[in-house]
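Chemist: So that you have it, the file is structure.cif, and it contains mmCIF, C-alpha atoms:
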data_final
#
loop_
_atom_site.label_atom_id
_atom_site.label_comp_id
_atom_site.auth_asym_id
_atom_site.auth_seq_id
_atom_site.Cartn_x
_atom_site.Cartn_y
_atom_site.Cartn_z
CA MET A 24 111.47 92.22 101.15
CA LEU A 25 112.24 88.52 101.05
CA ALA A 26 112.02 86.49 97.88
CA VAL A 27 111.29 82.89 98.84
CA ASN A 28 111.12 79.58 96.99
CA ILE A 29 109.32 76.48 98.23
CA GLY A 30 111.00 73.17 97.43
CA ASP A 31 109.43 69.82 96.63
CA ASP A 32 109.81 68.91 100.31
CA GLN A 33 107.78 72.03 101.24
CA ARG A 34 110.83 73.70 102.81
CA MET A 35 111.22 77.38 102.13
CA SER A 36 114.49 78.96 101.09
CA VAL A 37 115.26 82.66 100.83
CA VAL A 38 116.50 83.41 97.32
CA GLY A 39 116.88 87.17 97.72
CA ILE A 40 116.67 90.05 100.19
CA THR A 41 116.16 93.69 99.39
CA MET A 42 115.89 96.85 101.47
CA THR A 43 113.59 99.23 99.65
CA ASN A 44 112.03 101.50 102.28
CA PRO A 45 112.82 105.02 100.97
CA VAL A 46 112.48 106.72 104.37
CA LEU A 47 114.65 104.16 106.11
CA TYR A 48 117.06 104.24 103.17
CA ARG A 49 117.55 108.01 103.53
CA LEU A 50 118.00 107.76 107.31
CA LEU A 51 120.57 105.00 107.03
CA GLN A 52 122.38 106.38 104.01
CA ALA A 53 124.66 108.60 106.09
CA GLY A 54 125.68 105.74 108.38
CA TYR A 55 125.64 103.06 105.70
CA ARG A 56 129.41 102.83 105.33
CA CYS A 57 129.92 101.89 108.97
CA MET A 58 126.81 99.63 109.12
CA LYS A 59 127.54 97.87 105.82
CA ASN A 60 130.09 95.56 107.41
CA HIS A 61 128.42 95.33 110.83
CA PRO A 62 127.89 91.63 111.61
CA TYR A 63 124.14 92.12 112.10
CA SER A 64 123.36 94.39 109.17
CA LEU A 65 120.86 92.97 106.70
CA GLU A 66 123.47 93.00 103.95
CA SER A 67 126.07 91.23 106.11
CA VAL A 68 123.62 88.51 107.15
CA ALA A 69 122.58 87.98 103.52
CA ARG A 70 126.20 87.83 102.37
CA LYS A 71 127.16 85.43 105.19
CA ASN A 72 124.36 83.07 104.13
CA GLY A 73 125.01 83.35 100.40
CA VAL A 74 121.70 85.09 99.72
CA PRO A 75 121.60 87.73 96.98
CA TYR A 76 121.04 91.24 98.37
CA TYR A 77 119.81 94.34 96.58
CA ARG A 78 119.54 97.84 98.04
CA SER A 79 117.29 100.41 96.39
CA ASP A 80 115.99 103.82 97.36
CA THR A 81 112.62 103.16 95.74
CA ILE A 82 110.25 100.28 95.20
CA SER A 83 109.56 101.44 91.63
CA ASN A 84 113.16 100.96 90.46
CA PRO A 85 113.09 99.03 87.12
CA ARG A 86 116.39 97.33 88.03
CA LEU A 87 114.76 96.03 91.23
CA GLU A 88 111.92 94.53 89.19
CA ARG A 89 114.42 92.82 86.85
CA TRP A 90 116.40 91.52 89.83
CA ILE A 91 113.27 90.01 91.40
CA ARG A 92 112.18 88.46 88.08
CA GLU A 93 115.63 86.86 87.69
CA LEU A 94 115.30 85.31 91.17
CA ARG A 95 111.99 83.70 90.13
CA PRO A 96 110.58 83.57 93.68
CA ASP A 97 107.52 81.48 94.49
CA ILE A 98 106.38 84.03 97.08
CA ILE A 99 107.45 87.49 98.27
CA VAL A 100 107.22 88.60 101.90
CA VAL A 101 107.38 92.33 102.60
CA TYR A 102 107.61 94.28 105.84
CA CYS A 103 107.60 98.04 106.29
CA VAL A 104 107.75 98.92 102.61
CA PRO A 105 105.63 101.39 100.65
CA ILE A 106 102.67 100.07 98.71
CA LEU A 107 103.86 97.60 96.09
CA ARG A 108 102.83 98.15 92.51
CA GLN A 109 101.35 95.32 90.50
CA ASN A 110 104.54 94.87 88.47
CA ILE A 111 106.26 93.65 91.67
CA PHE A 112 103.55 91.85 93.65
CA SER A 113 102.36 89.93 90.60
CA ILE A 114 105.77 88.33 89.95
CA PRO A 115 105.61 85.32 92.31
CA PRO A 116 103.09 82.62 91.31
CA LEU A 117 102.03 82.03 94.94
CA GLY A 118 101.53 85.73 95.66
CA THR A 119 102.88 88.32 98.05
CA VAL A 120 102.41 88.58 101.80
CA ASN A 121 102.54 92.01 103.44
CA LEU A 122 103.42 91.99 107.15
CA HIS A 123 102.32 95.10 109.03
CA PRO A 124 103.89 96.05 112.37
CA SER A 125 100.70 97.30 114.01
CA LEU A 126 97.01 96.73 114.56
CA LEU A 127 95.06 97.19 111.34
CA PRO A 128 93.13 99.19 110.32
CA LYS A 129 93.61 101.33 113.45
CA TYR A 130 97.25 102.17 112.68
CA ARG A 131 97.42 101.91 108.92
CA GLY A 132 99.64 104.14 106.83
CA GLY A 133 102.96 105.72 107.66
CA HIS A 134 104.67 105.47 111.04
CA PRO A 135 102.32 102.94 112.66
CA LEU A 136 104.78 102.09 115.44
CA PHE A 137 105.08 105.75 116.41
CA TRP A 138 101.31 106.14 116.70
CA THR A 139 101.00 102.87 118.63
CA ALA A 140 103.57 104.11 121.16
CA TYR A 141 102.20 107.67 121.20
CA ASN A 142 98.73 106.37 122.10
CA ARG A 143 100.25 103.89 124.60
CA ASP A 144 98.34 101.12 122.90
CA ALA A 145 99.37 97.73 124.30
CA GLU A 146 98.08 95.83 121.23
#
What is this file in structure tokens?

Modeler:
Amino acid sequence: MLAVNIGDDQRMSVVGITMTNPVLYRLLQAGYRCMKNHPYSLESVARKNGVPYYRSDTISNPRLERWIRELRPDIIVVYCVPILRQNIFSIPPLGTVNLHPSLLPKYRGGHPLFWTAYNRDAE
């Protein structure tokens, strides 16, 4: 999830990054210590660019909601996260954009990339 602000000059700046996919979180948890300082890990890239980073095992974490509210983003962009609850997607005044990695509605729901590959769908 990216929390983004739009300046007076219409340029966007990332004001926060969070990794909140519970399935991905559990898979990466075992290898997190070695990936944490990898130069291309999400946390390392955020840290290198001075962008606040928050890692949570669930999207319904009250601390995550407080963190996002403190960032005061204009817009939130999400990718591969569970369904957002209203308390999160209603925070930014310009709304929330949900990017989906597959053809909708054909591959909606969990594991859309698996089903796209399994069906050898080129779209």

Chemist: Quick one: which residues end up in the PyMOL selection byres ((chain A and resi 120) around 9) for this structure, as a list in words?

Modeler: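 Applying the expression gives Ile98, Ile99, Val100, Val101, Tyr102, Phe112, Gly118, Thr119, Asn121 and Leu122 of chain A.
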
Chemist: If I take CA of Trp90 in chain A and CA of Arg34 in chain A, how far is one from the other in Å, to one decimal?

Modeler: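 Interatomic distance here is 22.7 Å.
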
Chemist: I'd like the interatomic distance between CA of Ala26 in chain A and CA of Pro124 in chain A, to a tenth of an Å.

Modeler: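 Rounded to one decimal, the two atoms are 19.2 Å apart.
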
Chemist: Mind telling me what the PyMOL selection byres ((chain A and resi 40) around 7) catches here, as a PyMOL selection string?

Modeler: chain A and resi 24-26+39+41-42+75-77

Chemist: Would you compute an axis-aligned box for range 76-94 of chain A, covering every atom listed for it in the file with 8 Å of margin on each side, and report centre and edge lengths in Å to one decimal as JSON?

Modeler:
{"center_x": 115.3, "center_y": 94.6, "center_z": 92.6, "size_x": 27.5, "size_y": 34.5, "size_z": 27.5}

Chemist: So, counting only C-alpha atoms, which residue among A:Asn28, A:Ser36, A:Asn110, A:Ser125 is closest to Ile82 in chain A?

Modeler: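 Using only C-alpha atoms, Ile82 in chain A sits closest to A:Asn110.
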
Chemist: Between A:Lys71, A:Arg78, A:Arg95, A:Arg143, which has the minimum distance to Leu117 in chain A (counting all atoms listed in the file)?

Modeler: A:Arg95

Chemist: What does the distance between CA of Gly30 in chain A and CA of Arg89 in chain A come to in Å, to one decimal place?

Modeler: 22.6 Å

Chemist: Tell me which of A:Ser113, A:Gln33, A:Asp144, A:Ser67 sits closest to Leu126 in chain A, counting only C-alpha atoms.

Modeler: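 Selected residue with least distance to Leu126 in chain A: A:Asp144.
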
Chemist: Pick out the closest residue to Arg108 in chain A from this set: A:Asn142, A:Asn84, A:Ser79, A:Ser64. Count only C-alpha atoms.

Modeler: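 Answer, going by the shortest atom-to-atom distance: A:Asn84.
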